[in-house]
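Chemist: One file: protein37.txt (compact mmCIF, C-alpha atoms).
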```txt
# COMPACT_ATOMS: atom_id res chain seq x y z
CA MET X 1 -6.69 -20.74 -13.89
CA ALA X 2 -4.19 -23.14 -12.31
CA ALA X 3 -4.60 -26.85 -12.96
CA SER X 4 -6.14 -29.05 -10.29
CA VAL X 5 -3.56 -30.71 -8.02
CA SER X 6 -4.76 -33.68 -5.93
CA GLN X 7 -2.84 -35.69 -3.34
CA ARG X 8 -3.67 -38.67 -1.13
CA PHE X 9 -2.39 -38.76 2.44
CA GLU X 10 -2.30 -40.90 5.58
CA LEU X 11 -1.98 -39.53 9.10
CA ARG X 12 0.14 -41.20 11.77
CA PRO X 13 -0.23 -40.96 15.54
CA PHE X 14 2.46 -39.13 17.48
CA ASP X 15 3.19 -42.13 19.65
CA GLY X 16 4.39 -44.19 16.69
CA GLY X 17 1.35 -46.39 16.34
CA ARG X 18 0.44 -47.03 19.98
CA ALA X 19 -2.85 -45.17 19.67
CA SER X 20 -5.39 -47.57 21.04
CA PRO X 21 -7.45 -49.02 19.56
CA ALA X 22 -6.55 -49.30 15.89
CA LEU X 23 -7.72 -46.32 13.87
CA GLU X 24 -7.05 -45.24 10.32
CA LEU X 25 -6.98 -41.60 9.24
CA GLY X 26 -6.41 -40.57 5.66
CA GLY X 27 -7.93 -38.95 2.65
CA GLU X 28 -7.18 -36.67 -0.22
CA ILE X 29 -6.74 -32.98 -0.75
CA ASP X 30 -7.23 -31.11 -3.98
CA ARG X 31 -6.64 -27.52 -4.95
CA GLN X 32 -8.72 -26.13 -7.77
CA GLY X 33 -7.58 -22.58 -8.35
CA ARG X 34 -8.56 -20.64 -5.25
CA ARG X 35 -10.58 -23.54 -3.75
CA LEU X 36 -9.32 -26.14 -1.31
CA LEU X 37 -11.15 -29.48 -1.40
CA LEU X 38 -10.48 -31.95 1.39
CA ARG X 39 -11.86 -35.40 2.16
CA LEU X 40 -10.71 -36.92 5.43
CA ARG X 41 -11.82 -40.40 6.54
CA LEU X 42 -11.64 -41.81 10.07
CA ALA X 43 -12.11 -45.59 10.02
CA GLY X 44 -11.31 -48.65 12.09
CA ALA X 45 -12.38 -48.78 15.73
CA ILE X 46 -14.34 -45.51 15.59
CA ALA X 47 -16.72 -46.73 18.33
CA SER X 48 -13.80 -46.04 20.70
CA VAL X 49 -13.63 -42.36 19.65
CA ARG X 50 -15.51 -39.63 21.47
CA LEU X 51 -17.35 -37.97 18.62
CA PRO X 52 -19.26 -34.78 19.40
CA VAL X 53 -22.95 -34.97 18.57
CA PRO X 54 -23.82 -33.15 15.31
CA VAL X 55 -25.50 -29.81 15.92
CA ALA X 56 -28.35 -28.26 13.95
CA ALA X 57 -26.67 -24.84 13.79
CA PRO X 58 -22.87 -25.15 13.44
CA ALA X 59 -20.96 -22.05 14.52
CA ARG X 60 -17.50 -20.55 14.44
CA ARG X 61 -15.88 -21.58 17.74
CA ASP X 62 -12.52 -21.46 19.52
CA GLY X 63 -10.92 -24.38 21.34
CA LEU X 64 -12.14 -27.15 19.06
CA TRP X 65 -8.78 -28.93 19.41
CA ALA X 66 -9.61 -29.82 23.05
CA THR X 67 -11.52 -32.87 21.78
CA THR X 68 -11.85 -34.77 18.49
CA CYS X 69 -11.03 -32.24 15.78
CA PHE X 70 -9.69 -32.33 12.24
CA GLU X 71 -7.26 -29.61 11.16
CA CYS X 72 -5.65 -28.27 8.03
CA PHE X 73 -2.70 -25.87 8.00
CA TRP X 74 -1.33 -24.07 4.97
CA GLY X 75 1.09 -21.33 4.09
CA VAL X 76 2.77 -19.90 1.03
CA GLU X 77 6.16 -21.48 0.45
CA GLY X 78 8.89 -19.13 1.70
CA ALA X 79 6.51 -16.81 3.62
CA ARG X 80 6.01 -16.72 7.40
CA PRO X 81 2.21 -16.24 7.69
CA TYR X 82 0.03 -19.34 7.64
CA TRP X 83 -3.55 -20.44 8.25
CA GLU X 84 -5.09 -22.98 10.63
CA LEU X 85 -8.52 -24.48 9.94
CA ASN X 86 -10.26 -26.45 12.72
CA LEU X 87 -13.23 -28.69 11.88
CA SER X 88 -15.33 -30.48 14.49
CA PRO X 89 -17.35 -33.61 13.66
CA ALA X 90 -20.23 -31.75 15.39
CA GLY X 91 -20.12 -29.16 12.59
CA HIS X 92 -18.41 -26.30 14.44
CA TRP X 93 -15.35 -24.75 12.81
CA ASN X 94 -12.85 -21.91 12.82
CA LEU X 95 -10.26 -20.46 10.46
CA TYR X 96 -7.30 -18.52 11.86
CA ARG X 97 -4.40 -16.62 10.36
CA LEU X 98 -1.05 -16.56 12.14
CA GLU X 99 1.76 -14.14 11.32
CA ASP X 100 4.58 -16.55 12.21
CA TYR X 101 5.11 -19.74 14.21
CA ARG X 102 2.36 -19.67 16.88
CA ASP X 103 2.33 -15.86 16.74
CA GLY X 104 -0.46 -13.39 15.97
CA LEU X 105 -3.40 -15.83 15.99
CA ARG X 106 -6.57 -14.12 14.80
CA PRO X 107 -9.78 -15.28 13.11
CA GLU X 108 -9.64 -14.91 9.33
CA PRO X 109 -12.44 -12.50 8.32
CA GLY X 110 -14.88 -13.17 5.50
CA TYR X 111 -16.05 -16.65 6.54
CA ASP X 112 -19.54 -16.91 8.00
CA LEU X 113 -20.86 -20.33 6.96
CA PRO X 114 -19.70 -23.75 8.12
CA PRO X 115 -17.26 -24.90 5.45
CA HIS X 116 -17.66 -28.68 5.85
CA ARG X 117 -20.07 -31.55 6.14
CA VAL X 118 -19.67 -34.84 7.98
CA VAL X 119 -21.02 -38.19 6.85
CA ARG X 120 -21.23 -41.00 9.42
CA ASP X 121 -21.91 -44.64 8.73
CA ALA X 122 -21.34 -47.85 10.68
CA GLY X 123 -17.65 -48.15 9.78
CA ALA X 124 -16.38 -44.65 9.15
CA LEU X 125 -16.73 -40.93 9.56
CA THR X 126 -15.93 -38.87 6.47
CA LEU X 127 -15.44 -35.12 6.46
CA HIS X 128 -15.89 -33.18 3.21
CA LEU X 129 -14.59 -29.62 2.82
CA ASP X 130 -14.94 -27.16 -0.06
CA LEU X 131 -13.30 -23.91 1.06
CA PRO X 132 -12.46 -20.77 -0.91
CA LEU X 133 -8.93 -19.78 0.06
CA PRO X 134 -8.53 -16.46 1.89
CA GLU X 135 -8.45 -13.25 -0.12
CA GLY X 136 -4.99 -12.41 -1.37
CA LEU X 137 -3.95 -16.01 -2.10
CA ALA X 138 -3.71 -16.23 -5.85
CA ALA X 139 -4.59 -19.49 -7.60
CA GLU X 140 -1.02 -20.01 -8.79
CA VAL X 141 0.77 -19.38 -5.46
CA PRO X 142 2.37 -22.65 -4.25
CA LEU X 143 1.17 -23.78 -0.84
CA GLN X 144 2.68 -26.03 1.83
CA VAL X 145 -0.08 -27.99 3.56
CA GLY X 146 -0.27 -30.00 6.77
CA ILE X 147 -3.23 -32.21 7.70
CA THR X 148 -3.66 -33.12 11.37
CA SER X 149 -6.20 -34.47 13.86
CA VAL X 150 -6.76 -34.63 17.57
CA ILE X 151 -8.60 -37.81 18.50
CA GLU X 152 -10.24 -38.18 21.89
CA GLU X 153 -10.97 -41.74 22.93
CA CYS X 154 -14.03 -42.54 25.03
CA SER X 155 -11.59 -43.02 27.93
CA GLY X 156 -10.60 -39.34 27.65
CA ARG X 157 -7.10 -40.09 26.27
CA LEU X 158 -6.03 -37.76 23.45
CA SER X 159 -3.90 -38.84 20.51
CA TYR X 160 -2.32 -36.50 17.98
CA TRP X 161 -2.21 -37.44 14.30
CA ALA X 162 -0.30 -35.75 11.47
CA LEU X 163 1.51 -36.38 8.20
CA ALA X 164 4.75 -36.24 10.20
CA HIS X 165 5.89 -35.44 13.73
CA PRO X 166 9.26 -33.66 13.43
CA GLY X 167 9.63 -32.70 17.10
CA ALA X 168 9.92 -34.32 20.51
CA GLU X 169 6.31 -33.26 21.30
CA PRO X 170 3.24 -33.13 19.06
CA ASP X 171 3.24 -29.70 17.40
CA PHE X 172 1.00 -29.20 14.39
CA HIS X 173 2.36 -25.69 13.75
CA ARG X 174 5.85 -26.79 12.65
CA ARG X 175 6.34 -26.02 8.97
CA GLU X 176 8.50 -29.15 8.57
CA ALA X 177 5.24 -31.11 8.93
CA PHE X 178 3.49 -29.21 6.10
CA LEU X 179 4.50 -31.97 3.68
CA LEU X 180 1.92 -31.62 0.94
CA ARG X 181 2.52 -29.20 -1.93
CA LEU X 182 -0.43 -27.68 -3.78
```
Would you kindly transcribe this structure into structure tokens?
Modeler:
Amino acid sequence: MAASVSQRFELRPFDGGRASPALELGGEIDRQGRRLLLRLRLAGAIASVRLPVPVAAPARRDGLWATTCFECFWGVEGARPYWELNLSPAGHWNLYRLEDYRDGLRPEPGYDLPPHRVVRDAGALTLHLDLPLPEGLAAEVPLQVGITSVIEECSGRLSYWALAHPGAEPDFHRREAFLLRL
């Protein structure tokens, strides 16, 4: 079995820090063999963020990125296919596989249960994920990983957060922004 590899990260808004009001997004990601463990923490002025109400029965859903949503992208170094995981603070989720840059989007089969839990307190919202990687990804295969978030303010304004923003527009699918190596 491959050794555990853990990395801390901080996300930055696309607009270079003008996201209003002040928010902090960061966490840590760990790969333990074929499992991906993620902890993402939203702190600061979270009262200004439109957070979906937690649901009793989370479900696999499309379009989660239209409001506050946390995302994780990964792909095998040197290969075109990659995966996109969307996690709503309400509990809804989806996992997609893409064949190439924004091409061939389809739900990844074999996932039926919500893969994350959300803990809210007065000063922060923390998302915890423990996800088995899709079939066919061996424990020793090196992955490129991108962590991103869409944050909807109570005003309706959206901000886009990522490890890096290599383009002129926010685009979470760009492999140049998959900066973490696991």
Chemist: At a cut-off of 7 Å, using all atoms listed in the file, what residues contact stretch 67-69 of chain X? Leave out same-chain residues fewer than 6 positions from it and give the result as a list in words.
Modeler: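 Near neighbours after the sequence-gap exclusion: Arg50, Leu51, Asn86, Leu87, Ser88, Pro89, Ser149, Val150, Ile151 and Glu152 of chain X.
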Chemist: Nearest to X:Pro58 among X:Arg175, X:Arg12, X:Ile147, X:Asn94, with distances taken over all atoms listed in the file: which residue is it?
Modeler: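 Smallest separation from X:Pro58 among the options: X:Asn94.
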Chemist: Of the candidates X:Asp130, X:Asp15, X:Glu99, X:Asp171, which shows the shortest atom-to-atom distance to X:Ala79, using all atoms listed in the file?
Modeler: X:Glu99
Chemist: What is the atom CA of X:Leu85 to atom CA of X:Ala45 distance in Å?
Modeler: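 So the answer is 25.3 Å.
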Chemist: Between atom CA of X:Leu179 and atom CA of X:Leu125, what distance in Å does the model show, to one decimal?
Modeler: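 Atom CA of X:Leu179 sits 23.8 Å away from atom CA of X:Leu125.
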Chemist: Residues proximal to (-4.1, -18.6, -0.1) were defined as those with any atom within 8 Å of that point in the file's coordinates, counting all atoms listed in the file. Which are they, as a PyMOL selection string?
Modeler: chain X and resi 34+74-76+133-139+141+143
Chemist: Go ahead and save the picked residues with C-alpha atoms, as a PDB file, in the coordinates of the input.
Modeler:
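Written out: again26.pdb:
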```
ATOM      1  CA  ARG X  34      -8.560 -20.640  -5.250  1.00  0.00           C
ATOM      2  CA  TRP X  74      -1.330 -24.070   4.970  1.00  0.00           C
ATOM      3  CA  GLY X  75       1.090 -21.330   4.090  1.00  0.00           C
ATOM      4  CA  VAL X  76       2.770 -19.900   1.030  1.00  0.00           C
ATOM      5  CA  LEU X 133      -8.930 -19.780   0.060  1.00  0.00           C
ATOM      6  CA  PRO X 134      -8.530 -16.460   1.890  1.00  0.00           C
ATOM      7  CA  GLU X 135      -8.450 -13.250  -0.120  1.00  0.00           C
ATOM      8  CA  GLY X 136      -4.990 -12.410  -1.370  1.00  0.00           C
ATOM      9  CA  LEU X 137      -3.950 -16.010  -2.100  1.00  0.00           C
ATOM     10  CA  ALA X 138      -3.710 -16.230  -5.850  1.00  0.00           C
ATOM     11  CA  ALA X 139      -4.590 -19.490  -7.600  1.00  0.00           C
ATOM     12  CA  VAL X 141       0.770 -19.380  -5.460  1.00  0.00           C
ATOM     13  CA  LEU X 143       1.170 -23.780  -0.840  1.00  0.00           C
TER      14      LEU X 143
END
```
Chemist: What lies within 9 Å of X:His173 using all atoms listed in the file, ignoring chain neighbours under 5 positions off, as a ChimeraX atom specification?
Modeler: /X:73,84,101-102,146,178
Chemist: Give me a file of those residues, with C-alpha atoms, as an mmCIF file, in the coordinates of the input.
Modeler:
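And here's part-v5.cif as it stands now:
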```
data_model
loop_
_atom_site.group_PDB
_atom_site.id
_atom_site.type_symbol
_atom_site.label_atom_id
_atom_site.label_comp_id
_atom_site.auth_asym_id
_atom_site.auth_seq_id
_atom_site.Cartn_x
_atom_site.Cartn_y
_atom_site.Cartn_z
ATOM 1 C CA PHE X 73 -2.700 -25.870 8.000
ATOM 2 C CA GLU X 84 -5.090 -22.980 10.630
ATOM 3 C CA TYR X 101 5.110 -19.740 14.210
ATOM 4 C CA ARG X 102 2.360 -19.670 16.880
ATOM 5 C CA GLY X 146 -0.270 -30.000 6.770
ATOM 6 C CA PHE X 178 3.490 -29.210 6.100
#
```
Chemist: In Å, rounded to a single decimal, give me how far atom CA of X:Ser155 is from atom CA of X:Leu129.
Modeler: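 Interatomic distance here is 28.6 Å.
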Chemist: Counting only C-alpha atoms, figure out which residue out of X:Asp30, X:Glu176, X:Arg80, X:Thr148 gets nearest to X:Tyr160.
Modeler: X:Thr148
Chemist: May I ask which of the residues X:Gly27, X:Pro52, X:Pro115, X:Gly44 is the closest one to X:Leu64, counting only C-alpha atoms?
Modeler: X:Pro52
Chemist: Determine the nearest neighbour of X:Arg60 from the options X:Arg41, X:Pro81, X:Arg35, X:Asp112, counting only C-alpha atoms.
Modeler: X:Asp112
Chemist: List the neighbours of X:Ala43 out to 9 Å using only C-alpha atoms; skip same-chain residues closer than 5 positions along the sequence, and give me the result as a VMD selection string.
Modeler: chain X and resid 22 to 26 123 to 126
Chemist: Find the residue from X:Ala90, X:Pro170, X:Phe14, X:Ala162 that sits nearest to X:Val119; use all atoms listed in the file when measuring.
Modeler: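 Smallest separation from X:Val119 among the options: X:Ala90.
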